[in-house]
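Novice: What follows is the file coords_12.txt, containing compact mmCIF, C-alpha atoms:
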```txt
# COMPACT_ATOMS: atom_id res chain seq x y z
CA MET A 1 0.00 0.00 0.00
CA GLU A 2 1.59 3.25 -1.13
CA TYR A 3 -0.78 5.57 0.71
CA GLY A 4 -0.52 4.07 4.16
CA PHE A 5 0.89 1.31 6.29
CA SER A 6 -0.76 -1.73 7.84
CA LYS A 7 -0.14 -4.91 9.71
CA THR A 8 -1.90 -8.15 10.44
CA VAL A 9 -2.32 -8.60 14.18
CA GLY A 10 -3.05 -11.50 16.50
CA TYR A 11 -6.14 -9.87 17.97
CA SER A 12 -9.74 -10.59 17.13
CA TYR A 13 -11.50 -7.87 15.18
CA ASP A 14 -13.23 -6.46 18.28
CA GLN A 15 -10.03 -6.61 20.33
CA ALA A 16 -8.15 -4.83 17.54
CA VAL A 17 -10.67 -1.97 17.42
CA GLU A 18 -10.37 -1.59 21.19
CA LYS A 19 -6.56 -1.85 21.21
CA VAL A 20 -5.96 0.63 18.39
CA THR A 21 -8.38 3.09 20.01
CA GLU A 22 -6.48 2.79 23.32
CA GLU A 23 -3.11 3.25 21.64
CA LEU A 24 -4.34 6.26 19.67
CA LYS A 25 -5.45 7.87 22.96
CA LYS A 26 -1.94 7.44 24.36
CA GLU A 27 -0.68 9.59 21.46
CA GLY A 28 -3.32 12.27 21.97
CA PHE A 29 -5.82 11.10 19.34
CA GLY A 30 -9.52 10.72 19.89
CA VAL A 31 -11.81 8.79 17.58
CA LEU A 32 -14.29 11.33 16.20
CA THR A 33 -16.05 8.95 13.84
CA SER A 34 -16.50 5.22 13.57
CA ILE A 35 -18.03 3.92 10.35
CA ASP A 36 -19.10 0.28 10.47
CA VAL A 37 -18.78 -0.58 6.79
CA LYS A 38 -20.23 -4.09 7.17
CA ASP A 39 -23.37 -2.71 8.85
CA THR A 40 -23.69 0.15 6.37
CA MET A 41 -23.40 -2.15 3.35
CA LYS A 42 -26.08 -4.42 4.79
CA LYS A 43 -28.47 -1.57 5.61
CA LYS A 44 -27.98 0.46 2.42
CA LEU A 45 -27.34 -2.23 -0.20
CA ASP A 46 -28.48 -5.46 1.47
CA VAL A 47 -25.08 -7.04 0.74
CA ASP A 48 -22.86 -8.96 3.08
CA PHE A 49 -19.40 -7.53 3.65
CA LYS A 50 -16.53 -8.51 5.90
CA LYS A 51 -16.04 -6.91 9.31
CA TYR A 52 -14.58 -3.50 8.50
CA VAL A 53 -14.50 -0.21 10.39
CA ILE A 54 -13.12 3.20 9.45
CA LEU A 55 -12.00 5.18 12.50
CA GLY A 56 -11.62 8.93 12.08
CA ALA A 57 -8.82 9.80 14.52
CA CYS A 58 -7.91 13.36 15.48
CA ASN A 59 -5.21 14.92 17.62
CA PRO A 60 -6.79 18.32 18.38
CA GLY A 61 -3.53 20.21 18.90
CA LEU A 62 -2.01 18.99 15.66
CA ALA A 63 -5.27 19.46 13.77
CA HIS A 64 -5.37 23.08 14.97
CA LYS A 65 -1.80 23.68 13.78
CA ALA A 66 -2.53 22.07 10.42
CA LEU A 67 -5.77 23.95 9.84
CA THR A 68 -4.11 27.20 10.84
CA ALA A 69 -1.45 26.55 8.21
CA GLU A 70 -3.92 25.39 5.54
CA ILE A 71 -7.60 26.13 6.15
CA ASP A 72 -8.88 23.77 3.43
CA LEU A 73 -6.97 20.84 4.91
CA GLY A 74 -10.20 19.78 6.57
CA LEU A 75 -10.99 18.04 3.31
CA LEU A 76 -8.30 15.50 4.24
CA LEU A 77 -9.03 15.22 7.96
CA PRO A 78 -9.36 13.33 10.24
CA CYS A 79 -6.63 10.72 10.02
CA ASN A 80 -8.26 7.48 8.93
CA VAL A 81 -7.44 4.18 10.57
CA ILE A 82 -9.05 0.97 9.33
CA VAL A 83 -9.60 -2.37 11.01
CA TYR A 84 -10.92 -5.33 9.06
CA GLU A 85 -10.90 -9.10 8.75
CA ASN A 86 -9.10 -10.30 5.64
CA ASP A 87 -10.01 -13.34 3.55
CA GLN A 88 -7.99 -15.59 5.88
CA ASN A 89 -10.03 -14.36 8.88
CA LYS A 90 -7.00 -12.47 10.19
CA THR A 91 -7.36 -8.95 11.54
CA VAL A 92 -5.60 -6.11 9.73
CA ILE A 93 -5.06 -2.58 11.05
CA GLY A 94 -4.11 0.14 8.56
CA PHE A 95 -3.19 3.81 8.82
CA PHE A 96 -3.29 6.56 6.21
CA ASP A 97 0.17 8.11 5.77
CA PRO A 98 -0.12 11.78 6.77
CA LYS A 99 3.09 12.59 4.91
CA LEU A 100 1.24 11.79 1.68
CA MET A 101 -1.31 14.43 2.62
CA ALA A 102 1.48 17.01 3.00
CA LYS A 103 2.82 16.07 -0.45
CA LEU A 104 -0.57 16.81 -2.02
CA ILE A 105 -0.53 20.37 -0.74
CA ASP A 106 2.17 22.87 -1.62
CA ASN A 107 2.58 24.30 1.89
CA PRO A 108 5.95 23.76 3.62
CA GLU A 109 4.38 24.46 7.03
CA LEU A 110 2.55 21.15 6.80
CA ASN A 111 5.66 19.00 6.43
CA GLY A 112 6.69 19.20 10.08
CA ILE A 113 3.15 18.65 11.29
CA ALA A 114 2.73 15.63 9.01
CA ASP A 115 6.04 14.22 10.26
CA GLU A 116 4.87 14.60 13.85
CA VAL A 117 1.55 12.87 13.12
CA PHE A 118 3.39 10.13 11.21
CA HIS A 119 5.72 9.43 14.16
CA LYS A 120 2.79 9.28 16.57
CA LEU A 121 0.96 6.84 14.31
CA GLN A 122 4.13 4.78 13.95
CA ARG A 123 4.29 4.48 17.76
CA VAL A 124 0.67 3.28 17.76
CA TYR A 125 1.55 0.80 15.00
CA ALA A 126 4.52 -0.50 16.99
CA GLU A 127 2.32 -1.20 20.04
CA LEU A 128 -0.14 -3.36 18.12
```
Reformat the file's structure so that it appears as structure tokens.

Specialist:
Amino acid sequence: MEYGFSKTVGYSYDQAVEKVTEELKKEGFGVLTSIDVKDTMKKKLDVDFKKYVILGACNPGLAHKALTAEIDLGLLLPCNVIVYENDQNKTVIGFFDPKLMAKLIDNPELNGIADEVFHKLQRVYAEL
């Protein structure tokens, strides 16, 4: 994956959602949104889909810095984290790479902020 980083973990799906949420909190992130893709697909399309959640994580201090530097950056926020069961019934946790976001926008002020977010997410990744 060129736009993020992920790993297969030894947790059940539910445990993984709980664990990644806990680890995000340790780095100052709260989960603003939680989209249950499986449930949404069933309700809206009446199709079965694997267990899959999109967590919208936000570190308020870093979001404030980033939005102050680039007001339209909200189009790319919050930081998305995914948890899903793959075809082998293993749980995968993935993170969007915030440095990619900084590359999309020609604003040097964002580079340092994106690096800081990246390092925080890498620490979360390492604890999983």

Novice: How far is it from atom CA of Phe95 of chain A to atom CA of Val81 of chain A, in Å with one decimal?

Specialist: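 Those two atoms sit 4.6 Å apart.
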
Novice: When you draw a straight line from atom CA of Leu76 of chain A to atom CA of Glu23 of chain A, how long is it in Å?

Specialist: 21.9 Å

Novice: Could you give me, as a ChimeraX atom specification, the residues within 9 Å of Leu121 of chain A, counting only C-alpha atoms and dropping anything in the same chain fewer than 5 positions from it?

Specialist: /A:24,27,95,97,116,126

Novice: Write out as a PyMOL selection string each polymer residue whose atoms come within 7 Å of Val53 of chain A, counting only C-alpha atoms; drop sequence neighbours fewer than 3 positions from it.

Specialist: chain A and resi 34-37+82-84

Novice: Kindly indicate which residue among A:His64, A:Lys44, A:Lys99, A:Lys7 lies nearest to Leu128 of chain A, using only C-alpha atoms for the distances.

Specialist: A:Lys7

Novice: For Gly56 of chain A, list every protein, DNA or RNA residue within 8 Å, evaluated using only C-alpha atoms, and leave out those in the same chain fewer than 6 positions away; present the list as a ChimeraX atom specification.

Specialist: /A:31-34,77-81

Novice: Could you work out how far atom CA of Leu55 of chain A lies from atom CA of Asp115 of chain A, giving the answer in Å with one decimal?

Specialist: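 Spanning atom CA of Asp115 of chain A to atom CA of Leu55 of chain A is a straight-line distance of 20.3 Å.
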
Novice: Ranking A:Tyr125, A:Tyr13, A:Phe49, A:Phe29 by minimum distance to Thr91 of chain A and counting all atoms listed in the file, which one comes first?

Specialist: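 Under the stated criterion, the closest residue is A:Tyr13.
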
Novice: Taking all atoms listed in the file into account, name the residue in A:Glu18, A:Asp106, A:Glu2, A:Glu127 that is nearest to Glu70 of chain A.

Specialist: A:Asp106

Novice: Just want the 12 Å neighbourhood of Gly10 of chain A, counted on all atoms listed in the file, with same-chain residues fewer than 4 positions away dropped. Output as a VMD selection string.

Specialist: chain A and resid 14 to 16 19 85 89 to 93 128

Novice: Which residue, A:Asp39, A:Glu109, A:Asp87, A:Glu22, has the smallest gap to Ala66 of chain A when you use all atoms listed in the file?

Specialist: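 Closest candidate: A:Glu109.
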
Novice: Padding 8 Å on each side, edges along x, y and z: where is the centre of the box around the listed atoms of segment 14-19 of chain A, and how long are its edges in Å to one decimal? Output it as lines of an AutoDock Vina configuration file.

Specialist:
```
center_x = -9.9
center_y = -4.1
center_z = 19.3
size_x = 22.7
size_y = 21.0
size_z = 19.8
```

Novice: From the options A:Leu62, A:Met41, A:Leu67, A:Leu75, which residue's atoms come nearest to Ile113 of chain A, counting only C-alpha atoms?

Specialist: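 The closest residue to Ile113 of chain A is A:Leu62.
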
Novice: Choose the residue, out of A:Lys26, A:Gly74, A:Ala69, A:Asn86, that has the smallest atom-to-atom separation from Leu110 of chain A; count only C-alpha atoms.

Specialist: A:Ala69
